Structures are given as C-alpha cells and as structure tokens.
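Here is the file model.pdb (PDB, C-alpha atoms).
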ATOM      1  CA  MET A   1       0.000   0.000   0.000
ATOM      2  CA  ARG A   2       1.363   3.401  -0.973
ATOM      3  CA  ILE A   3       0.326   6.416   1.110
ATOM      4  CA  LEU A   4       1.036  10.019   0.169
ATOM      5  CA  PRO A   5       1.086  12.453   3.110
ATOM      6  CA  ALA A   6      -0.878  15.011   1.105
ATOM      7  CA  ASP A   7      -3.829  12.579   1.015
ATOM      8  CA  LEU A   8      -4.126  12.441   4.819
ATOM      9  CA  ARG A   9      -5.214  14.857   7.536
ATOM     10  CA  SER A  10      -2.290  15.948   9.703
ATOM     11  CA  LYS A  11      -3.539  13.965  12.723
ATOM     12  CA  HIS A  12      -3.675  10.855  10.552
ATOM     13  CA  VAL A  13      -0.099  11.422   9.373
ATOM     14  CA  TYR A  14       0.837  11.634  13.051
ATOM     15  CA  GLN A  15      -0.980   8.352  13.821
ATOM     16  CA  LEU A  16       0.664   6.617  10.867
ATOM     17  CA  MET A  17       4.135   7.754  11.915
ATOM     18  CA  VAL A  18       3.825   6.931  15.623
ATOM     19  CA  SER A  19       2.319   3.545  14.821
ATOM     20  CA  GLY A  20       5.249   2.764  12.533
ATOM     21  CA  ILE A  21       8.097   4.339  14.495
ATOM     22  CA  VAL A  22       8.025   1.988  17.460
ATOM     23  CA  PRO A  23      10.127   2.165  20.719
ATOM     24  CA  ARG A  24      13.921   2.023  20.190
ATOM     25  CA  PRO A  25      13.520   1.886  16.417
ATOM     26  CA  ILE A  26      16.193   1.191  13.844
ATOM     27  CA  ALA A  27      16.403   3.407  10.786
ATOM     28  CA  TRP A  28      17.494   1.001   8.044
ATOM     29  CA  THR A  29      18.613   3.764   5.729
ATOM     30  CA  GLY A  30      18.876   3.391   1.959
ATOM     31  CA  THR A  31      20.864   5.810  -0.165
ATOM     32  CA  ARG A  32      22.416   5.960  -3.618
ATOM     33  CA  SER A  33      25.785   7.565  -4.254
ATOM     34  CA  ALA A  34      26.336  10.187  -6.929
ATOM     35  CA  ASP A  35      28.061   7.355  -8.859
ATOM     36  CA  GLY A  36      24.938   5.167  -8.645
ATOM     37  CA  VAL A  37      26.067   2.704  -5.940
ATOM     38  CA  ASP A  38      23.285   1.683  -3.549
ATOM     39  CA  ASN A  39      23.989   1.740   0.195
ATOM     40  CA  LEU A  40      22.056   0.335   3.139
ATOM     41  CA  ALA A  41      22.945   0.899   6.795
ATOM     42  CA  PRO A  42      21.117   0.761  10.172
ATOM     43  CA  PHE A  43      21.014   3.670  12.628
ATOM     44  CA  SER A  44      19.459   3.540  16.088
ATOM     45  CA  TYR A  45      19.711   7.296  16.721
ATOM     46  CA  PHE A  46      16.420   7.891  14.965
ATOM     47  CA  MET A  47      13.174   9.618  15.734
ATOM     48  CA  GLY A  48      10.010  11.151  14.409
ATOM     49  CA  VAL A  49      10.233  14.946  14.415
ATOM     50  CA  SER A  50       6.971  16.316  13.032
ATOM     51  CA  SER A  51       3.732  15.203  11.427
ATOM     52  CA  ALA A  52       2.946  18.495   9.667
ATOM     53  CA  PRO A  53       4.982  18.258   7.546
ATOM     54  CA  PRO A  54       5.875  14.627   8.230
ATOM     55  CA  ALA A  55       9.571  14.542   9.100
ATOM     56  CA  ILE A  56      12.079  12.198  10.676
ATOM     57  CA  ALA A  57      15.669  12.555  11.864
ATOM     58  CA  ILE A  58      18.629  10.228  11.908
ATOM     59  CA  SER A  59      21.982  10.871  13.470
ATOM     60  CA  VAL A  60      25.012   9.572  11.582
ATOM     61  CA  VAL A  61      28.246   9.474  13.561
ATOM     62  CA  ARG A  62      31.448  10.213  11.642
ATOM     63  CA  GLN A  63      34.126   7.599  10.943
ATOM     64  CA  PRO A  64      36.979   7.386  13.494
ATOM     65  CA  ASP A  65      39.144   9.489  11.158
ATOM     66  CA  GLY A  66      36.479  12.233  11.089
ATOM     67  CA  SER A  67      35.250  11.507   7.576
ATOM     68  CA  LEU A  68      31.569  11.101   6.704
ATOM     69  CA  LYS A  69      30.042   7.649   6.502
ATOM     70  CA  ASP A  70      28.667   6.652   3.090
ATOM     71  CA  THR A  71      25.085   7.267   4.229
ATOM     72  CA  ALA A  72      25.662  10.880   5.260
ATOM     73  CA  ARG A  73      27.782  11.651   2.213
ATOM     74  CA  ASN A  74      25.202  10.147  -0.150
ATOM     75  CA  ILE A  75      22.352  12.097   1.442
ATOM     76  CA  LEU A  76      24.293  15.356   1.278
ATOM     77  CA  ASP A  77      25.207  14.672  -2.373
ATOM     78  CA  THR A  78      21.763  13.584  -3.617
ATOM     79  CA  GLY A  79      19.289  15.122  -1.153
ATOM     80  CA  VAL A  80      17.193  11.946  -0.824
ATOM     81  CA  PHE A  81      17.077   8.727   1.207
ATOM     82  CA  THR A  82      14.745   6.038   2.511
ATOM     83  CA  VAL A  83      14.241   4.798   6.051
ATOM     84  CA  SER A  84      12.773   1.352   6.632
ATOM     85  CA  LEU A  85      11.869  -0.353   9.911
ATOM     86  CA  PRO A  86      13.167  -3.936   9.850
ATOM     87  CA  ALA A  87      11.125  -6.882  11.054
ATOM     88  CA  LEU A  88      12.579  -9.398  13.521
ATOM     89  CA  GLU A  89      13.102 -11.855  10.667
ATOM     90  CA  GLN A  90      15.359  -9.301   8.938
ATOM     91  CA  GLY A  91      17.613  -8.921  11.993
ATOM     92  CA  PRO A  92      20.604 -10.828  10.561
ATOM     93  CA  GLU A  93      20.541  -8.844   7.312
ATOM     94  CA  MET A  94      20.079  -5.585   9.210
ATOM     95  CA  VAL A  95      23.089  -6.316  11.422
ATOM     96  CA  GLY A  96      25.087  -7.447   8.386
ATOM     97  CA  SER A  97      24.387  -4.170   6.614
ATOM     98  CA  ALA A  98      26.325  -2.384   9.380
ATOM     99  CA  SER A  99      29.563  -3.954   8.089
ATOM    100  CA  ARG A 100      32.178  -1.536   6.791
ATOM    101  CA  LEU A 101      32.314  -2.109   3.057
ATOM    102  CA  PRO A 102      34.113   0.055   0.493
ATOM    103  CA  PRO A 103      31.958   2.877  -0.953
ATOM    104  CA  ASP A 104      31.807   1.132  -4.340
ATOM    105  CA  VAL A 105      30.238  -2.036  -2.842
ATOM    106  CA  SER A 106      26.489  -2.207  -2.235
ATOM    107  CA  GLU A 107      25.362  -3.842   1.021
ATOM    108  CA  LEU A 108      22.139  -4.818  -0.727
ATOM    109  CA  GLU A 109      24.016  -6.788  -3.364
ATOM    110  CA  ALA A 110      26.689  -8.145  -1.017
ATOM    111  CA  LEU A 111      24.080  -9.527   1.402
ATOM    112  CA  GLY A 112      21.498 -10.506  -1.226
ATOM    113  CA  ILE A 113      18.819  -8.242   0.268
ATOM    114  CA  PRO A 114      15.887  -7.818  -2.144
ATOM    115  CA  ALA A 115      15.400  -4.114  -2.831
ATOM    116  CA  VAL A 116      13.087  -1.791  -4.718
ATOM    117  CA  ASP A 117      13.544   1.783  -5.846
ATOM    118  CA  GLY A 118      11.574   4.546  -4.219
ATOM    119  CA  ASP A 119       8.360   5.664  -5.902
ATOM    120  CA  VAL A 120       9.126   9.337  -5.281
ATOM    121  CA  VAL A 121      12.867   9.522  -4.534
ATOM    122  CA  ALA A 122      15.881   7.949  -6.262
ATOM    123  CA  ALA A 123      17.026   5.735  -3.403
ATOM    124  CA  PRO A 124      16.582   2.023  -2.624
ATOM    125  CA  ARG A 125      14.734   0.348   0.219
ATOM    126  CA  PRO A 126      14.534  -3.284   1.367
ATOM    127  CA  ALA A 127      11.563  -4.800  -0.436
ATOM    128  CA  ASP A 128      10.333  -6.821   2.548
ATOM    129  CA  ALA A 129      10.466  -4.178   5.298
ATOM    130  CA  PRO A 130       7.076  -3.826   7.017
ATOM    131  CA  PHE A 131       7.186  -0.002   7.146
ATOM    132  CA  ALA A 132       9.225   2.368   5.005
ATOM    133  CA  MET A 133       9.463   6.085   4.322
ATOM    134  CA  GLU A 134      10.875   7.941   1.340
ATOM    135  CA  CYS A 135      12.502  11.220   2.347
ATOM    136  CA  ARG A 136      13.887  14.457   0.956
ATOM    137  CA  LEU A 137      16.661  16.178   2.887
ATOM    138  CA  GLN A 138      15.431  19.296   4.689
ATOM    139  CA  GLN A 139      18.402  20.274   6.843
ATOM    140  CA  THR A 140      21.427  19.013   8.686
ATOM    141  CA  LEU A 141      22.997  19.990  11.960
ATOM    142  CA  GLU A 142      26.477  19.085  13.095
ATOM    143  CA  VAL A 143      26.294  17.860  16.692
ATOM    144  CA  GLY A 144      29.698  16.943  18.002
ATOM    145  CA  HIS A 145      30.952  14.038  15.900
ATOM    146  CA  ALA A 146      27.544  13.349  14.395
ATOM    147  CA  THR A 147      25.487  14.781  11.571
ATOM    148  CA  LEU A 148      21.814  15.120  12.436
ATOM    149  CA  ILE A 149      19.879  14.662   9.212
ATOM    150  CA  ILE A 150      16.269  15.798   9.010
ATOM    151  CA  GLY A 151      14.188  14.621   6.086
ATOM    152  CA  GLU A 152      10.623  15.305   5.005
ATOM    153  CA  VAL A 153       8.659  12.124   4.351
ATOM    154  CA  VAL A 154       7.178  12.270   0.857
ATOM    155  CA  CYS A 155       5.844   8.706   0.673
ATOM    156  CA  PHE A 156       4.989   5.929   3.136
ATOM    157  CA  HIS A 157       4.933   2.179   2.422
ATOM    158  CA  VAL A 158       3.151  -0.342   4.648
ATOM    159  CA  ALA A 159       3.389  -4.084   3.972
ATOM    160  CA  ASP A 160       0.058  -5.887   3.740
ATOM    161  CA  ALA A 161       0.814  -7.965   6.866
ATOM    162  CA  ALA A 162       1.359  -4.753   8.861
ATOM    163  CA  ARG A 163      -1.632  -2.755   7.628
ATOM    164  CA  GLY A 164      -3.974  -1.422  10.257
ATOM    165  CA  GLU A 165      -6.848   1.021  10.497
ATOM    166  CA  GLY A 166      -7.109   4.048  12.766
ATOM    167  CA  ARG A 167     -10.201   5.276  14.614
ATOM    168  CA  ASP A 168     -11.317   7.279  11.587
ATOM    169  CA  GLY A 169     -10.564   4.529   9.081
ATOM    170  CA  ASN A 170      -7.176   6.096   8.318
ATOM    171  CA  PRO A 171      -4.113   3.960   7.624
ATOM    172  CA  VAL A 172      -1.857   2.985  10.525
ATOM    173  CA  VAL A 173       0.684   0.249  11.129
ATOM    174  CA  ASP A 174      -0.475  -2.798  13.083
ATOM    175  CA  GLY A 175       2.044  -3.342  15.887
ATOM    176  CA  GLU A 176       1.666  -7.119  16.010
ATOM    177  CA  GLY A 177       1.734  -7.543  12.250
ATOM    178  CA  MET A 178       4.894  -5.481  11.989
ATOM    179  CA  HIS A 179       7.093  -7.871  14.049
ATOM    180  CA  ALA A 180       9.380  -4.938  14.791
ATOM    181  CA  ILE A 181      12.879  -5.273  16.183
ATOM    182  CA  GLY A 182      14.405  -2.678  18.482
ATOM    183  CA  ARG A 183      17.953  -1.959  19.481
ATOM    184  CA  LEU A 184      19.175  -2.414  23.021
ATOM    185  CA  GLY A 185      22.773  -2.077  24.191
ATOM    186  CA  GLY A 186      25.640  -3.792  22.389
ATOM    187  CA  ALA A 187      24.518  -6.748  20.293
ATOM    188  CA  ASN A 188      21.177  -7.043  22.150
ATOM    189  CA  TYR A 189      17.860  -6.459  20.432
ATOM    190  CA  VAL A 190      14.256  -6.711  21.506
ATOM    191  CA  ALA A 191      11.402  -8.215  19.531
ATOM    192  CA  VAL A 192       8.069  -6.453  19.721
ATOM    193  CA  ASP A 193       6.020  -9.646  19.920
ATOM    194  CA  ALA A 194       3.289  -8.586  22.340
ATOM    195  CA  VAL A 195       1.090  -5.495  22.216
ATOM    196  CA  VAL A 196      -0.587  -4.326  25.418
ATOM    197  CA  ARG A 197      -3.283  -1.632  25.555
ATOM    198  CA  ILE A 198      -2.876   0.779  28.477
TER     199      ILE A 198
END

Do you think you could lay out the structure here as structure tokens?
Amino acid sequence: MRILPADLRSKHVYQLMVSGIVPRPIAWTGTRSADGVDNLAPFSYFMGVSSAPPAIAISVVRQPDGSLKDTARNILDTGVFTVSLPALEQGPEMVGSASRLPPDVSELEALGIPAVDGDVVAAPRPADAPFAMECRLQQTLEVGHATLIIGEVVCFHVADAARGEGRDGNPVVDGEGMHAIGRLGGANYVAVDAVVRI
C-alpha cells in the first residue's frame, strides 16, 4: 500500500508515523551515491520529528578518522534517502548491513537483500520491510561528531501484513503484524512480539 502524506489529515499522518516508528527503532537507511552505488545501513539514533509536515531525523556518527560515513555523504550529495523499519526476521541482514564495506560495494548486493527503488525519490529500500518512508533532505545539523539529518517524508509504504486502520478509518501500522525489532545495548535487540493496551 502506498500512502502520500498530502492525502491524509495531519492527525492521521501523526498516527501513521507513531504507529510505525516503534520504541527504540532502527532506521534502516537506503541511499544511492552520486556514482549510482546503492547503500544500506542501520542507525538507532532515529526519531520522528513532526507530522505536519511529516519529518524524521537520523543521526550519523562520523568515521573514526572524522570523515563522513557513506550514508551521510550520499544524502548530502543527492538530497534523498529512505528509512525502513526492519522486522525481527530481517535482523541478521540488518546487522550485516552495518559492516564496513568500500563505498563502491552495495550492502544490498553483497548480502542478497531484495530491494526496490523509491516511488518518489531515487534511493533504494529493502523490499520486505514492514514499514518504510521515502525522504527528501530538509536540513542538517552538526552535533559533536555526528550529523543530524532531518528529512521530510514524501511517501509511506506499509506491507500488507502490517496494515492497520485508525479510529477514523485512516491507515496505521499494526504493531503485532509489523514484528518490529528494536535496538538495546551492544549486540542485544528486543522483539516487539506482544502489544498491550494501556
């Protein structure tokens, strides 16, 4: 299902984003270099920023030598990126995509991760992610050794298994159907396998 923010009321955009951006989320970020090489990397410094306009932020720490990681450089060069929320089943591929590969090697190809191009932006995303957002760069802020990247969401994607319906019949992400994975400390992750109403 493809959802354009312009087709929703602002409160419904908010509900869609907060239902998809679950606790301790991982921004599985897809970019394409100026030379056309696809890149995929996970970032746990990630949050929703606004629902009018819909916007998210990721923080990309610099390399030990102070240089930009491929993700940040690609976003600054092209102005677009995707952010997908991986399912528990995609955990091994998500962790694998954090490997340091040369800039001319695509993590998607190296790990055999099925990918699709964005509908609105020229950047890849994992085909099987339950929730994904296509983004245009709005602004960056240097914070210490990290680049905070803020992007406006121009298209949402919700997998059929994760589709839900809000109080007004608006689209949301079903928490149980999403099978989300969250980052804890070190190599520890948490599976969102139970939803409790409070």

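Applied to the shown file, the PyMOL selection byres ((chain A and resi 154) around 8) selects the residues Leu4, Pro5, Pro54, Val120, Met133, Glu134, Cys135, Arg136, Glu152, Val153, Cys155 and Phe156 of chain A.
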
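Minimum distance to A:Leu111 across A:Ala41, A:Ile149, A:Ala162, A:Met47 (counting only C-alpha atoms) occurs at A:Ala41.
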
I need the output of the PyMOL selection byres ((chain A and resi 60) around 7) for this file as a PDB file with C-alpha atoms, in the frame of the given file; which residues are they?
ATOM      1  CA  ILE A  58      18.629  10.228  11.908  1.00  0.00           C
ATOM      2  CA  SER A  59      21.982  10.871  13.470  1.00  0.00           C
ATOM      3  CA  VAL A  61      28.246   9.474  13.561  1.00  0.00           C
ATOM      4  CA  ARG A  62      31.448  10.213  11.642  1.00  0.00           C
ATOM      5  CA  ALA A  72      25.662  10.880   5.260  1.00  0.00           C
ATOM      6  CA  ALA A 146      27.544  13.349  14.395  1.00  0.00           C
ATOM      7  CA  THR A 147      25.487  14.781  11.571  1.00  0.00           C
ATOM      8  CA  LEU A 148      21.814  15.120  12.436  1.00  0.00           C
TER       9      LEU A 148
END

On this structure, which residues satisfy the PyMOL selection byres ((chain A and resi 1) around 12), written as a ChimeraX atom specification?
-> /A:2-4,119,130-132,155-164,171-173

Stretch 178-183 of chain A surroundings by all atoms listed in the file, 12 Å radius, close-in-sequence under 6 positions cut, as a PDB file with C-alpha atoms, in the coordinates of the input:
ATOM      1  CA  SER A  19       2.319   3.545  14.821  1.00  0.00           C
ATOM      2  CA  GLY A  20       5.249   2.764  12.533  1.00  0.00           C
ATOM      3  CA  ILE A  21       8.097   4.339  14.495  1.00  0.00           C
ATOM      4  CA  VAL A  22       8.025   1.988  17.460  1.00  0.00           C
ATOM      5  CA  PRO A  23      10.127   2.165  20.719  1.00  0.00           C
ATOM      6  CA  ARG A  24      13.921   2.023  20.190  1.00  0.00           C
ATOM      7  CA  PRO A  25      13.520   1.886  16.417  1.00  0.00           C
ATOM      8  CA  ILE A  26      16.193   1.191  13.844  1.00  0.00           C
ATOM      9  CA  ALA A  27      16.403   3.407  10.786  1.00  0.00           C
ATOM     10  CA  TRP A  28      17.494   1.001   8.044  1.00  0.00           C
ATOM     11  CA  PRO A  42      21.117   0.761  10.172  1.00  0.00           C
ATOM     12  CA  PHE A  43      21.014   3.670  12.628  1.00  0.00           C
ATOM     13  CA  SER A  44      19.459   3.540  16.088  1.00  0.00           C
ATOM     14  CA  TYR A  45      19.711   7.296  16.721  1.00  0.00           C
ATOM     15  CA  PHE A  46      16.420   7.891  14.965  1.00  0.00           C
ATOM     16  CA  SER A  84      12.773   1.352   6.632  1.00  0.00           C
ATOM     17  CA  LEU A  85      11.869  -0.353   9.911  1.00  0.00           C
ATOM     18  CA  PRO A  86      13.167  -3.936   9.850  1.00  0.00           C
ATOM     19  CA  ALA A  87      11.125  -6.882  11.054  1.00  0.00           C
ATOM     20  CA  LEU A  88      12.579  -9.398  13.521  1.00  0.00           C
ATOM     21  CA  GLU A  89      13.102 -11.855  10.667  1.00  0.00           C
ATOM     22  CA  GLN A  90      15.359  -9.301   8.938  1.00  0.00           C
ATOM     23  CA  GLY A  91      17.613  -8.921  11.993  1.00  0.00           C
ATOM     24  CA  PRO A  92      20.604 -10.828  10.561  1.00  0.00           C
ATOM     25  CA  MET A  94      20.079  -5.585   9.210  1.00  0.00           C
ATOM     26  CA  VAL A  95      23.089  -6.316  11.422  1.00  0.00           C
ATOM     27  CA  ASP A 128      10.333  -6.821   2.548  1.00  0.00           C
ATOM     28  CA  ALA A 129      10.466  -4.178   5.298  1.00  0.00           C
ATOM     29  CA  PRO A 130       7.076  -3.826   7.017  1.00  0.00           C
ATOM     30  CA  PHE A 131       7.186  -0.002   7.146  1.00  0.00           C
ATOM     31  CA  ALA A 132       9.225   2.368   5.005  1.00  0.00           C
ATOM     32  CA  VAL A 158       3.151  -0.342   4.648  1.00  0.00           C
ATOM     33  CA  ALA A 159       3.389  -4.084   3.972  1.00  0.00           C
ATOM     34  CA  ASP A 160       0.058  -5.887   3.740  1.00  0.00           C
ATOM     35  CA  ALA A 161       0.814  -7.965   6.866  1.00  0.00           C
ATOM     36  CA  ALA A 162       1.359  -4.753   8.861  1.00  0.00           C
ATOM     37  CA  ARG A 163      -1.632  -2.755   7.628  1.00  0.00           C
ATOM     38  CA  GLY A 164      -3.974  -1.422  10.257  1.00  0.00           C
ATOM     39  CA  VAL A 172      -1.857   2.985  10.525  1.00  0.00           C
ATOM     40  CA  TYR A 189      17.860  -6.459  20.432  1.00  0.00           C
ATOM     41  CA  VAL A 190      14.256  -6.711  21.506  1.00  0.00           C
ATOM     42  CA  ALA A 191      11.402  -8.215  19.531  1.00  0.00           C
ATOM     43  CA  VAL A 192       8.069  -6.453  19.721  1.00  0.00           C
ATOM     44  CA  ASP A 193       6.020  -9.646  19.920  1.00  0.00           C
ATOM     45  CA  ALA A 194       3.289  -8.586  22.340  1.00  0.00           C
ATOM     46  CA  VAL A 195       1.090  -5.495  22.216  1.00  0.00           C
TER      47      VAL A 195
END

Counting all atoms listed in the file, what is within 9 Å of A:Val13, bar same-chain residues fewer than 2 positions away, as a PyMOL selection string?
-> chain A and resi 5+8-11+15-18+51-54+170-172

So what do you get for atom CA of A:Gln138 versus atom CA of A:Gly166, distance-wise?
-> 28.4 Å

Counting all atoms listed in the file, write as an MDAnalysis selection string all protein and nucleic acid residues lying at most 9 Å from (17.0, 13.4, -4.8) in the file's frame.
-> chainID A and resid 75 77:81 120:123 135:137

Excluding same-chain residues fewer than 2 positions from A:Asn74, what lies within 7 Å of it counting only C-alpha atoms, as a list in words?
-> Thr31, Arg32, Ser33, Ala34, Asp70, Thr71, Ala72, Leu76, Asp77 and Thr78 of chain A
